[in-house]
$ cat structure-v9.csv   # CSV, C-alpha atoms and all ligand atoms
chain,number,residue,atom,x,y,z
R,251,MET,CA,0.0,0.0,0.0
R,252,ALA,CA,1.5,3.3,-1.1
R,253,ILE,CA,1.1,5.9,1.7
R,254,GLU,CA,0.8,9.6,0.8
R,255,LYS,CA,3.6,11.8,1.9
R,256,GLU,CA,1.3,14.0,3.8
R,257,LYS,CA,0.0,11.0,5.8
R,258,LEU,CA,3.5,9.8,6.5
R,259,LEU,CA,4.5,13.2,7.9
R,260,TRP,CA,1.3,13.5,9.9
R,261,MET,CA,2.1,10.1,11.5
R,262,PHE,CA,5.6,11.3,12.4
R,263,ARG,CA,4.4,14.6,13.9
R,264,THR,CA,1.6,12.8,15.8
R,265,MET,CA,4.0,10.3,17.4
R,266,VAL,CA,6.4,13.1,18.4
R,267,ARG,CA,3.5,15.1,19.9
R,268,ILE,CA,2.3,12.0,21.9
R,269,ARG,CA,5.8,11.3,23.2
R,270,ARG,CA,6.4,15.0,24.2
R,271,PHE,CA,3.0,15.1,25.9
R,272,GLU,CA,3.7,12.0,27.9
R,273,GLU,CA,7.2,13.1,28.8
R,274,ARG,CA,5.8,16.3,30.1
R,275,VAL,CA,3.1,14.5,32.1
R,276,VAL,CA,5.8,12.3,33.7
R,277,ARG,CA,7.6,15.5,34.8
R,278,GLU,CA,4.5,17.3,36.0
R,279,PHE,CA,3.4,14.2,37.9
R,280,ALA,CA,6.8,14.1,39.7
R,281,ASP,CA,6.4,17.8,40.5
R,282,GLY,CA,3.1,17.1,42.2
R,283,ASN,CA,0.9,19.0,39.7
R,284,ILE,CA,-1.1,15.9,38.7
R,285,PRO,CA,-3.3,14.2,41.3
R,286,GLY,CA,-4.6,10.6,40.9
R,287,SER,CA,-2.7,8.2,38.8
R,288,VAL,CA,-1.4,8.3,35.2
R,289,HIS,CA,-0.4,5.5,32.8
R,290,SER,CA,2.2,6.4,30.2
R,291,TYR,CA,1.8,5.5,26.6
R,292,ILE,CA,5.5,6.0,25.8
R,293,GLY,CA,6.7,3.2,23.5
R,294,GLU,CA,3.3,2.4,22.2
R,295,GLU,CA,2.8,5.6,20.0
R,296,ALA,CA,2.8,3.7,16.7
R,297,VAL,CA,-0.4,1.8,17.5
R,298,ALA,CA,-2.7,4.7,18.1
R,299,THR,CA,-1.1,6.7,15.3
R,300,GLY,CA,-1.1,4.1,12.5
R,301,ALA,CA,-4.6,3.0,13.4
R,302,ILE,CA,-6.3,6.4,13.8
R,303,ALA,CA,-4.6,7.7,10.7
R,304,HIS,CA,-7.5,5.9,8.8
R,305,LEU,CA,-10.4,7.6,10.7
R,306,LYS,CA,-12.5,10.5,9.7
R,307,LYS,CA,-13.6,13.0,12.3
R,308,GLU,CA,-17.1,11.4,12.6
R,309,ASP,CA,-15.6,7.9,13.2
R,310,TYR,CA,-15.4,6.7,16.8
R,311,ILE,CA,-12.6,5.5,19.1
R,312,MET,CA,-13.0,3.8,22.5
R,313,SER,CA,-9.9,4.2,24.7
R,314,THR,CA,-8.4,2.8,27.9
R,315,HIS,CA,-6.7,3.8,31.1
R,316,ARG,CA,-3.6,4.4,28.9
R,317,GLY,CA,-5.4,6.7,26.6
R,318,HIS,CA,-3.7,10.1,26.2
R,319,GLY,CA,-2.1,8.9,22.8
R,320,HIS,CA,-5.5,7.8,21.5
R,321,LEU,CA,-7.0,11.2,22.1
R,322,ILE,CA,-4.1,13.1,20.6
R,323,ALA,CA,-4.1,11.0,17.5
R,324,LYS,CA,-7.9,11.5,17.1
R,325,GLY,CA,-7.4,15.3,17.2
R,326,GLY,CA,-7.9,16.1,20.8
R,327,GLU,CA,-6.7,19.4,22.4
R,328,THR,CA,-3.6,19.0,24.5
R,329,GLU,CA,-4.5,22.1,26.6
R,330,LYS,CA,-7.8,20.7,27.6
R,331,MET,CA,-6.3,17.3,28.3
R,332,MET,CA,-3.4,18.7,30.4
R,333,ALA,CA,-6.0,20.8,32.4
R,334,GLU,CA,-8.0,17.6,33.0
R,335,LEU,CA,-4.9,15.9,34.4
R,336,PHE,CA,-4.2,18.9,36.6
R,337,ALA,CA,-7.9,18.5,37.9
R,338,LYS,CA,-8.8,22.0,36.5
R,339,LYS,CA,-12.2,23.3,35.6
R,340,THR,CA,-11.1,23.9,32.0
R,341,GLY,CA,-10.3,20.2,31.4
R,342,TYR,CA,-12.2,17.8,29.2
R,343,CYS,CA,-14.3,16.6,32.1
R,344,LEU,CA,-14.3,19.8,34.1
R,345,GLY,CA,-11.4,18.5,36.2
R,346,LYS,CA,-13.5,15.8,37.7
R,347,GLY,CA,-12.4,12.8,35.7
R,348,GLY,CA,-8.6,12.9,35.5
R,349,SER,CA,-6.3,10.8,33.3
R,350,MET,CA,-8.6,7.8,32.9
R,351,HIS,CA,-11.8,9.6,32.1
R,352,ILE,CA,-11.1,11.6,29.0
R,353,ALA,CA,-13.8,12.0,26.4
R,354,ASP,CA,-14.4,14.3,23.5
R,355,LEU,CA,-17.6,13.6,21.7
R,356,ASP,CA,-17.1,16.4,19.1
R,357,ILE,CA,-14.2,14.3,17.6
R,358,GLY,CA,-15.7,10.9,18.1
R,359,MET,CA,-13.6,10.0,21.2
R,360,LEU,CA,-16.2,8.2,23.2
R,361,GLY,CA,-14.2,7.8,26.3
R,362,ALA,CA,-11.5,6.2,28.3
R,363,ALA,CA,-12.1,4.0,31.3
R,364,GLY,CA,-10.4,2.8,34.5
R,365,ILE,CA,-12.4,-0.4,34.4
R,366,VAL,CA,-10.3,-2.8,32.3
R,367,GLY,CA,-12.1,-4.1,29.2
R,368,SER,CA,-15.2,-1.9,29.8
R,369,GLY,CA,-14.7,-0.1,26.5
R,370,ILE,CA,-15.2,-3.3,24.4
R,371,PRO,CA,-19.0,-3.6,24.6
R,372,ILE,CA,-19.3,0.2,24.4
R,373,ALA,CA,-17.5,0.0,21.0
R,374,THR,CA,-19.9,-2.8,19.9
R,375,GLY,CA,-22.8,-0.5,20.9
R,376,ALA,CA,-21.2,2.4,18.9
R,377,GLY,CA,-20.9,0.0,15.9
R,378,LEU,CA,-24.6,-0.9,16.3
R,379,SER,CA,-25.6,2.7,16.4
R,380,ALA,CA,-23.8,3.4,13.2
R,381,VAL,CA,-25.7,0.6,11.5
R,382,LEU,CA,-29.1,1.6,12.9
R,383,ARG,CA,-28.5,5.2,11.8
R,384,GLY,CA,-27.3,4.1,8.3
R,385,THR,CA,-24.0,5.9,8.5
R,386,ASP,CA,-20.6,4.6,7.3
R,387,GLN,CA,-18.9,5.4,10.6
R,388,VAL,CA,-16.3,2.9,11.9
R,389,THR,CA,-15.3,2.4,15.5
R,390,ILE,CA,-11.8,1.5,16.6
R,391,CYS,CA,-11.7,-0.1,20.1
R,392,PHE,CA,-8.3,-0.1,21.9
R,393,PHE,CA,-7.7,-2.4,24.9
R,394,GLY,CA,-4.8,-4.3,26.5
R,395,ASP,CA,-3.8,-7.9,26.6
R,396,GLY,CA,-5.1,-8.1,30.2
R,397,ALA,CA,-8.5,-6.9,29.0
R,398,SER,CA,-8.6,-9.8,26.5
R,399,ASN,CA,-9.0,-12.2,29.5
R,400,ILE,CA,-12.1,-10.5,30.7
R,401,GLY,CA,-15.7,-11.6,29.9
R,402,ARG,CA,-16.6,-8.4,28.2
R,403,PHE,CA,-14.0,-9.2,25.5
R,404,HIS,CA,-15.9,-12.3,24.6
R,405,GLU,CA,-19.3,-10.8,24.8
R,406,GLY,CA,-18.4,-7.6,22.9
R,407,ILE,CA,-16.5,-9.2,20.1
R,408,ASN,CA,-18.9,-12.1,19.7
R,409,LEU,CA,-21.9,-9.8,19.4
R,410,ALA,CA,-20.1,-7.5,16.9
R,411,SER,CA,-19.4,-10.6,14.8
R,412,VAL,CA,-22.9,-12.0,15.0
R,413,TRP,CA,-24.4,-8.6,14.0
R,414,CYS,CA,-21.6,-7.9,11.5
R,415,LEU,CA,-20.8,-4.5,13.0
R,416,PRO,CA,-18.2,-2.0,11.7
R,417,VAL,CA,-15.8,-2.2,14.6
R,418,VAL,CA,-12.0,-2.8,14.6
R,419,PHE,CA,-10.8,-4.3,17.9
R,420,ILE,CA,-7.2,-3.5,18.5
R,421,CYS,CA,-5.4,-5.3,21.3
R,422,GLU,CA,-2.3,-3.3,22.4
R,423,ASN,CA,-0.3,-6.2,23.7
R,424,ASN,CA,2.6,-4.7,25.7
R,425,LEU,CA,3.3,-8.2,27.1
R,426,TRP,CA,2.3,-7.3,30.7
R,427,ALA,CA,-0.9,-6.6,32.6
R,428,VAL,CA,0.6,-4.7,35.5
R,429,SER,CA,3.0,-7.5,36.7
R,430,VAL,CA,1.4,-10.4,35.0
R,431,PRO,CA,3.1,-11.5,31.8
R,432,THR,CA,0.9,-12.7,28.9
R,433,SER,CA,2.9,-16.0,28.9
R,434,THR,CA,1.2,-16.9,32.2
R,435,SER,CA,-2.3,-15.7,31.3
R,436,LEU,CA,-2.9,-16.9,27.8
R,437,ASN,CA,-2.7,-20.5,26.5
R,438,VAL,CA,-2.4,-19.6,22.8
R,439,PRO,CA,0.5,-17.8,21.2
R,440,ASN,CA,-1.4,-14.7,20.3
R,441,VAL,CA,-4.5,-12.8,21.4
R,442,ALA,CA,-5.4,-12.6,17.7
R,443,ASP,CA,-5.7,-16.4,17.6
R,444,ARG,CA,-8.9,-16.0,19.6
R,445,ALA,CA,-10.6,-14.4,16.5
R,446,VAL,CA,-11.3,-17.9,15.1
R,447,GLY,CA,-13.7,-18.5,17.9
R,448,TYR,CA,-15.8,-15.5,16.7
R,449,GLY,CA,-15.5,-16.2,13.0
R,450,ILE,CA,-13.7,-13.0,12.2
R,451,PRO,CA,-10.2,-12.3,10.9
R,452,GLY,CA,-7.4,-12.2,13.5
R,453,VAL,CA,-4.2,-10.5,12.6
R,454,VAL,CA,-0.9,-9.9,14.4
R,455,VAL,CA,1.1,-6.8,13.6
R,456,ASP,CA,4.4,-5.3,14.7
R,457,GLY,CA,3.1,-2.5,17.0
R,458,MET,CA,6.5,-0.8,16.9
R,459,ASP,CA,6.2,-0.1,13.2
R,460,VAL,CA,3.8,2.6,12.4
R,461,THR,CA,3.5,1.8,8.7
R,462,ALA,CA,2.9,-1.8,9.4
R,463,VAL,CA,0.1,-0.8,11.8
R,464,TYR,CA,-1.3,1.6,9.1
R,465,GLU,CA,-1.4,-1.1,6.5
R,466,THR,CA,-3.0,-3.8,8.7
R,467,VAL,CA,-5.6,-1.4,10.2
R,468,GLY,CA,-6.3,0.0,6.8
R,469,GLU,CA,-7.6,-3.4,5.6
R,470,ALA,CA,-9.7,-3.8,8.7
R,471,VAL,CA,-11.2,-0.3,8.5
R,472,ALA,CA,-12.1,-0.8,4.8
R,473,ARG,CA,-13.7,-4.2,5.6
R,474,ALA,CA,-15.8,-2.6,8.4
R,475,ARG,CA,-16.8,0.4,6.3
R,476,ASN,CA,-17.9,-2.0,3.5
R,477,GLY,CA,-20.3,-3.8,5.8
R,478,LYS,CA,-18.1,-6.9,6.1
R,479,GLY,CA,-17.9,-6.8,9.9
R,480,PRO,CA,-15.2,-6.6,12.6
R,481,THR,CA,-11.6,-7.6,12.8
R,482,LEU,CA,-9.4,-8.4,15.7
R,483,ILE,CA,-5.9,-7.0,15.4
R,484,GLU,CA,-3.1,-7.6,17.9
R,485,ALA,CA,-0.3,-5.1,17.9
R,486,LYS,CA,2.8,-6.4,19.7
R,487,THR,CA,4.2,-3.4,21.5
R,488,TYR,CA,5.9,-2.4,24.8
R,489,ARG,CA,5.4,0.2,27.4
R,490,PHE,CA,8.8,1.8,28.2
R,491,ARG,CA,7.8,2.9,31.6
R,492,GLY,CA,6.1,1.3,34.6
R,493,HIS,CA,2.4,0.3,34.6
R,494,PHE,CA,1.7,3.7,36.2
R,495,GLU,CA,3.9,6.6,37.3
R,496,GLY,CA,5.5,5.5,40.5
R,497,ASP,CA,5.5,1.8,39.7
R,498,SER,CA,9.0,0.4,40.5
R,499,GLY,CA,8.5,-2.1,37.7
R,500,THR,CA,10.9,-4.6,39.2
R,501,TYR,CA,8.9,-7.5,37.9
R,502,ARG,CA,10.2,-6.9,34.3
R,503,PRO,CA,13.7,-8.1,33.4
R,504,GLN,CA,16.0,-5.2,32.5
R,505,GLU,CA,17.3,-7.1,29.4
R,506,GLU,CA,13.7,-7.3,28.1
R,507,ILE,CA,13.2,-3.5,28.5
R,508,ASP,CA,16.6,-2.8,26.9
R,509,GLU,CA,15.7,-5.0,23.9
R,510,TRP,CA,12.4,-3.3,23.3
R,511,MET,CA,13.8,0.2,23.8
R,512,LYS,CA,16.2,-0.5,20.9
R,513,ARG,CA,13.1,-0.7,18.8
R,514,ASP,CA,11.8,2.8,19.7
R,515,PRO,CA,9.0,3.4,17.2
R,516,ILE,CA,9.8,7.1,16.7
R,517,ASN,CA,13.5,6.6,16.3
R,518,SER,CA,13.1,3.9,13.7
R,519,TYR,CA,10.4,5.7,11.8
R,520,GLN,CA,12.5,8.9,11.8
R,521,LYS,CA,15.4,7.0,10.4
R,522,LYS,CA,13.2,5.6,7.7
R,523,LEU,CA,11.8,9.0,6.7
R,524,LEU,CA,15.3,10.5,6.6
R,525,GLU,CA,16.5,7.7,4.4
R,526,MET,CA,13.5,8.1,2.1
R,527,LYS,CA,14.4,11.8,2.0
R,528,LEU,CA,10.9,12.7,3.1
R,529,LEU,CA,12.3,14.6,6.0
R,530,THR,CA,15.5,16.5,6.7
R,531,GLU,CA,17.3,16.7,10.1
R,532,LYS,CA,16.2,20.4,10.2
R,533,GLN,CA,12.5,19.5,9.8
R,534,VAL,CA,12.8,16.9,12.5
R,535,GLU,CA,14.2,19.5,14.8
R,536,ALA,CA,11.4,21.9,13.9
R,537,ILE,CA,8.7,19.3,14.5
R,538,ASP,CA,10.2,18.5,17.9
R,539,LYS,CA,10.5,22.2,18.9
R,540,GLU,CA,6.9,22.8,17.9
R,541,ALA,CA,5.8,19.8,20.0
R,542,LEU,CA,7.8,21.0,23.0
R,543,ALA,CA,6.3,24.5,22.7
R,544,GLU,CA,2.8,23.0,22.4
R,545,MET,CA,3.3,21.2,25.7
R,546,ASP,CA,4.7,24.3,27.4
R,547,GLU,CA,1.5,26.1,26.4
R,548,ALA,CA,-0.7,23.2,27.6
R,549,VAL,CA,1.0,23.2,31.0
R,550,LYS,CA,0.8,27.0,31.2
R,551,PHE,CA,-2.9,26.8,30.4
R,552,ALA,CA,-3.4,24.1,33.1
R,553,LEU,CA,-1.5,25.9,35.7
R,554,GLU,CA,-3.3,29.2,35.1
R,555,SER,CA,-6.8,27.5,35.1
R,556,PRO,CA,-8.9,27.4,38.3
R,557,PHE,CA,-9.9,24.3,40.2
R,558,PRO,CA,-13.7,23.5,40.2
R,559,GLU,CA,-15.7,25.2,42.9
R,560,LEU,CA,-16.8,23.0,45.9
R,561,GLU,CA,-20.5,23.9,45.1
R,562,GLU,CA,-20.0,22.3,41.6
R,563,THR,CA,-19.1,18.9,43.0
R,564,LEU,CA,-22.4,17.2,42.3
R,565,ASP,CA,-23.1,19.0,39.0
R,566,ASN,CA,-22.9,16.4,36.1
R,567,VAL,CA,-23.4,13.6,38.5
R,568,PHE,CA,-26.2,11.3,37.3
R,569,THR,CA,-27.9,8.6,39.3
K,601,LIG,C1,-12.0,-4.9,35.8
K,601,LIG,C2,-10.7,-4.4,36.4
K,601,LIG,N1,-9.9,-5.4,36.9
K,601,LIG,C3,-8.7,-5.0,37.4
K,601,LIG,C4,-8.3,-3.7,37.3
K,601,LIG,C5,-6.9,-3.3,37.9
K,601,LIG,N2,-6.0,-3.0,36.7
K,601,LIG,C6,-5.8,-1.8,36.2
K,601,LIG,S1,-4.9,-1.8,34.9
K,601,LIG,C7,-4.7,-3.4,34.9
K,601,LIG,C8,-3.9,-4.2,33.9
K,601,LIG,C9,-4.4,-4.0,32.5
K,601,LIG,O1,-3.6,-4.6,31.6
K,601,LIG,P1,-3.8,-4.5,30.1
K,601,LIG,O2,-5.2,-4.7,29.7
K,601,LIG,O3,-2.9,-5.4,29.4
K,601,LIG,O4,-3.4,-3.0,29.7
K,601,LIG,P2,-2.0,-2.2,29.9
K,601,LIG,O5,-2.1,-1.6,31.3
K,601,LIG,O6,-0.9,-3.2,29.8
K,601,LIG,O7,-2.0,-1.2,28.9
K,601,LIG,C10,-5.4,-4.0,36.0
K,601,LIG,C11,-5.5,-5.4,36.3
K,601,LIG,C12,-9.2,-2.7,36.8
K,601,LIG,N3,-8.9,-1.4,36.7
K,601,LIG,N4,-10.4,-3.1,36.3

$ encode --input "structure-v9.csv" --output "structure tokens" --more "lines below"
Ligand SMILES: Cc1ncc(C[n+]2csc(CCOP(=O)(O)OP(=O)(O)O)c2C)c(N)n1
Amino acid sequence: MAIEKEKLLWMFRTMVRIRRFEERVVREFADGNIPGSVHSYIGEEAVATGAIAHLKKEDYIMSTHRGHGHLIAKGGETEKMMAELFAKKTGYCLGKGGSMHIADLDIGMLGAAGIVGSGIPIATGAGLSAVLRGTDQVTICFFGDGASNIGRFHEGINLASVWCLPVVFICENNLWAVSVPTSTSLNVPNVADRAVGYGIPGVVVDGMDVTAVYETVGEAVARARNGKGPTLIEAKTYRFRGHFEGDSGTYRPQEEIDEWMKRDPINSYQKKLLEMKLLTEKQVEAIDKEALAEMDEAVKFALESPFPELEETLDNVFT
């Protein structure tokens, strides 16, 4: 599949923006500006980017507790997201949701969730709504390998298959669910192998290679848009940091971390674009500088924003 130059550059810029956002979050968390907990997407940027590169604004995504990258790739505003992490009133959820409860319905970002696997049936529902309304909207549902062992995975994917819904299920397999390695929680080599039980295609892709993700997800999105039903994609990837900020991460062997870090998805893609002469060193520097400046602005916005008022605590609470 030939990928247009504009798309190739968008993917590079998006991955850099996600990385710079996450690095800044790590710093701000350490400085005590972010309450609650945050889960870093550093190392996994190619998955959100290569997948969401196929979506239109009106298409949907369903995210996870590790969701900052999904929102950025879908076109979310880094200022509003940073403000949400800082628990400020100007944040996506008025400062009441924090890192794991980001949503932006204007760009089809249906939500992130702290309950592992809970996004899967919601994505199935979004797919059903598109069919009932007669639109060609596609939903991409992201979740981890740990989520694939939860009942909602079976229920959500089975129903999407039976009703032939336009949903692409993407398992971001970073090999660990907190301290549990997939090798001890899965008795088949790949999460994607489970697709056979639902009668849908199951595909494994290198989640550290953004163009490979782009090509694989492209076929699945086209299939979904053409009324042919869902696909289960497993992107093999790795989180470079602990499960959450503050996690000592001692359960993972250092050699394993070192090996995966050699495959940094941004470094390898940058090298590829330079070799293809689609980017110059100078442009790389400019893109990086722009991303750093954007995150400075986002932090400034968050710091200068007010906290919600005490009297607003029960607003937007539904029972
Ligand atoms: C239903 C449920 N069970 C357990 C937890 C605690 N928990 C939070 S994240 C996590 C691991 C999730 O692993 P995975 O789905 O592989 O995603 P990753 O964190 O690796 O991206 C667990 C068990 C939870 N939040 N929700």

$ residues_near_ligand --input "structure-v9.csv" --ligand "ligand LIG 601 (chain K)" --cutoff "10 Å" --atoms "all atoms listed in the file" --output "ChimeraX atom specification"
/R:289-291,294,314-317,350,363-368,392-402,421-432,487-489,492-494

$ residues_near_point --input "structure-v9.csv" --point "(1.5, -4.8, 14.0)" --cutoff "8 Å" --atoms "all atoms listed in the file" --output "NGL selection string"
:R and (297 or 454-460 or 462-463 or 466 or 483-486)

$ write_last_selection --input "structure-v9.csv" --atoms "C-alpha atoms" --output "mmCIF file, keeping the file's coordinate frame"
data_model
loop_
_atom_site.group_PDB
_atom_site.id
_atom_site.type_symbol
_atom_site.label_atom_id
_atom_site.label_comp_id
_atom_site.auth_asym_id
_atom_site.auth_seq_id
_atom_site.Cartn_x
_atom_site.Cartn_y
_atom_site.Cartn_z
ATOM 1 C CA VAL R 297 -0.400 1.800 17.500
ATOM 2 C CA VAL R 454 -0.900 -9.900 14.400
ATOM 3 C CA VAL R 455 1.100 -6.800 13.600
ATOM 4 C CA ASP R 456 4.400 -5.300 14.700
ATOM 5 C CA GLY R 457 3.100 -2.500 17.000
ATOM 6 C CA MET R 458 6.500 -0.800 16.900
ATOM 7 C CA ASP R 459 6.200 -0.100 13.200
ATOM 8 C CA VAL R 460 3.800 2.600 12.400
ATOM 9 C CA ALA R 462 2.900 -1.800 9.400
ATOM 10 C CA VAL R 463 0.100 -0.800 11.800
ATOM 11 C CA THR R 466 -3.000 -3.800 8.700
ATOM 12 C CA ILE R 483 -5.900 -7.000 15.400
ATOM 13 C CA GLU R 484 -3.100 -7.600 17.900
ATOM 14 C CA ALA R 485 -0.300 -5.100 17.900
ATOM 15 C CA LYS R 486 2.800 -6.400 19.700
#

$ closest_residue --input "structure-v9.csv" --among "R:Gly377, R:Gly496, R:Gly293, R:Gly449" --to "Val417 in chain R" --atoms "only C-alpha atoms"
R:Gly377

$ closest_atom_pairs --input "structure-v9.csv" --of "range 317-340 of chain R" --to "range 251-266 of chain R" --cutoff "10 Å" --atoms "all atoms listed in the file" --output "CSV"
residue,atom,partner,partner_atom,distance
R:Gly319,CA,R:Met265,CA,8.3
R:Ile322,CA,R:Thr264,CA,7.5
R:Ala323,CA,R:Thr264,CA,6.2
R:Lys324,CA,R:Thr264,CA,9.7
R:Gly325,CA,R:Thr264,CA,9.4

$ atom_distance --input "structure-v9.csv" --atom1 "CA of Glu278 in chain R" --atom2 "CA of Lys532 in chain R"
28.5 Å

$ closest_residue --input "structure-v9.csv" --among "R:Leu560, R:Leu529, R:Ala296, R:Leu409" --to "Pro480 in chain R" --atoms "only C-alpha atoms"
R:Leu409

$ residues_near_point --input "structure-v9.csv" --point "(-19.3, -15.8, 13.8)" --cutoff "6 Å" --atoms "all atoms listed in the file" --output "PDB file with C-alpha atoms, in the coordinates of the input"
ATOM      1  CA  SER R 411     -19.400 -10.600  14.800  1.00  0.00           C
ATOM      2  CA  VAL R 412     -22.900 -12.000  15.000  1.00  0.00           C
ATOM      3  CA  TYR R 448     -15.800 -15.500  16.700  1.00  0.00           C
ATOM      4  CA  GLY R 449     -15.500 -16.200  13.000  1.00  0.00           C
TER       5      GLY R 449
END

$ closest_atom_pairs --input "structure-v9.csv" --of "range 543-564 of chain R" --to "range 330-342 of chain R" --cutoff "8 Å" --atoms "all atoms listed in the file" --output "tab-separated table"
residue	atom	partner	partner_atom	distance
R:Ala548	CA	R:Met332	CA	5.9
R:Val549	CA	R:Met332	CA	6.3
R:Phe551	CA	R:Ala333	CA	7.0
R:Ala552	CA	R:Ala333	CA	4.3
R:Leu553	CA	R:Phe336	CA	7.6
R:Ser555	CA	R:Lys338	CA	6.0
R:Pro556	CA	R:Lys338	CA	5.7
R:Phe557	CA	R:Lys338	CA	4.5
R:Pro558	CA	R:Lys339	CA	4.8

$ atom_distance --input "structure-v9.csv" --atom1 "CA of Ile450 in chain R" --atom2 "CA of Leu360 in chain R"
24.0 Å

$ atom_distance --input "structure-v9.csv" --atom1 "CA of Tyr310 in chain R" --atom2 "CA of Ile420 in chain R"
13.2 Å

$ closest_residue --input "structure-v9.csv" --among "R:Val275, R:Cys391, R:Met359, R:Leu482" --to "Ser287 in chain R" --atoms "only C-alpha atoms"
R:Val275

$ residues_around --input "structure-v9.csv" --residues "Gly479 in chain R" --least-positions-apart "2" --cutoff "10 Å" --atoms "only C-alpha atoms" --output "ChimeraX atom specification"
/R:377,410-418,450-451,470-477,481

$ closest_residue --input "structure-v9.csv" --among "R:Thr299, R:Gln387, R:Asn283, R:Gln533" --to "Ile516 in chain R" --atoms "only C-alpha atoms"
R:Thr299

$ residues_around --input "structure-v9.csv" --residues "Arg274 in chain R" --least-positions-apart "5" --cutoff "9 Å" --atoms "all atoms listed in the file" --output "compact mmCIF listing (two decimals) with C-alpha atoms, in the frame of the given file"
# COMPACT_ATOMS: atom_id res chain seq x y z
CA ARG R 269 5.80 11.30 23.20
CA PHE R 279 3.40 14.20 37.90
CA LEU R 542 7.80 21.00 23.00
CA MET R 545 3.30 21.20 25.70
CA ASP R 546 4.70 24.30 27.40
CA VAL R 549 1.00 23.20 31.00

$ decode --input "structure-v9.csv" --residues "range 315-326 of chain R" --atoms "N, CA and C atoms" --output "JSON list (two decimals), in the first residue's frame"
[["chain", "number", "residue", "atom", "x", "y", "z"],
["R", 315, "HIS", "N", -7.40, 3.06, 30.04],
["R", 315, "HIS", "CA", -6.72, 3.83, 31.11],
["R", 315, "HIS", "C", -5.39, 4.40, 30.61],
["R", 316, "ARG", "N", -4.88, 3.89, 29.48],
["R", 316, "ARG", "CA", -3.60, 4.36, 28.93],
["R", 316, "ARG", "C", -3.91, 5.16, 27.66],
["R", 317, "GLY", "N", -4.78, 6.17, 27.80],
["R", 317, "GLY", "CA", -5.43, 6.70, 26.61],
["R", 317, "GLY", "C", -5.01, 8.05, 26.06],
["R", 318, "HIS", "N", -3.99, 8.70, 26.65],
["R", 318, "HIS", "CA", -3.66, 10.05, 26.16],
["R", 318, "HIS", "C", -3.31, 10.05, 24.67],
["R", 319, "GLY", "N", -2.58, 9.02, 24.24],
["R", 319, "GLY", "CA", -2.15, 8.95, 22.84],
["R", 319, "GLY", "C", -3.31, 8.77, 21.88],
["R", 320, "HIS", "N", -4.32, 8.02, 22.33],
["R", 320, "HIS", "CA", -5.50, 7.81, 21.47],
["R", 320, "HIS", "C", -6.18, 9.15, 21.19],
["R", 321, "LEU", "N", -6.35, 9.93, 22.26],
["R", 321, "LEU", "CA", -7.04, 11.22, 22.11],
["R", 321, "LEU", "C", -6.24, 12.17, 21.22],
["R", 322, "ILE", "N", -4.93, 12.23, 21.42],
["R", 322, "ILE", "CA", -4.10, 13.14, 20.61],
["R", 322, "ILE", "C", -4.20, 12.75, 19.14],
["R", 323, "ALA", "N", -4.09, 11.46, 18.86],
["R", 323, "ALA", "CA", -4.14, 11.02, 17.46],
["R", 323, "ALA", "C", -5.51, 11.31, 16.83],
["R", 324, "LYS", "N", -6.56, 11.30, 17.64],
["R", 324, "LYS", "CA", -7.92, 11.54, 17.09],
["R", 324, "LYS", "C", -8.18, 13.04, 16.93],
["R", 325, "GLY", "N", -7.24, 13.86, 17.38],
["R", 325, "GLY", "CA", -7.41, 15.30, 17.17],
["R", 325, "GLY", "C", -7.81, 16.06, 18.42],
["R", 326, "GLY", "N", -7.60, 15.45, 19.58],
["R", 326, "GLY", "CA", -7.94, 16.11, 20.84],
["R", 326, "GLY", "C", -7.01, 17.29, 21.14]]
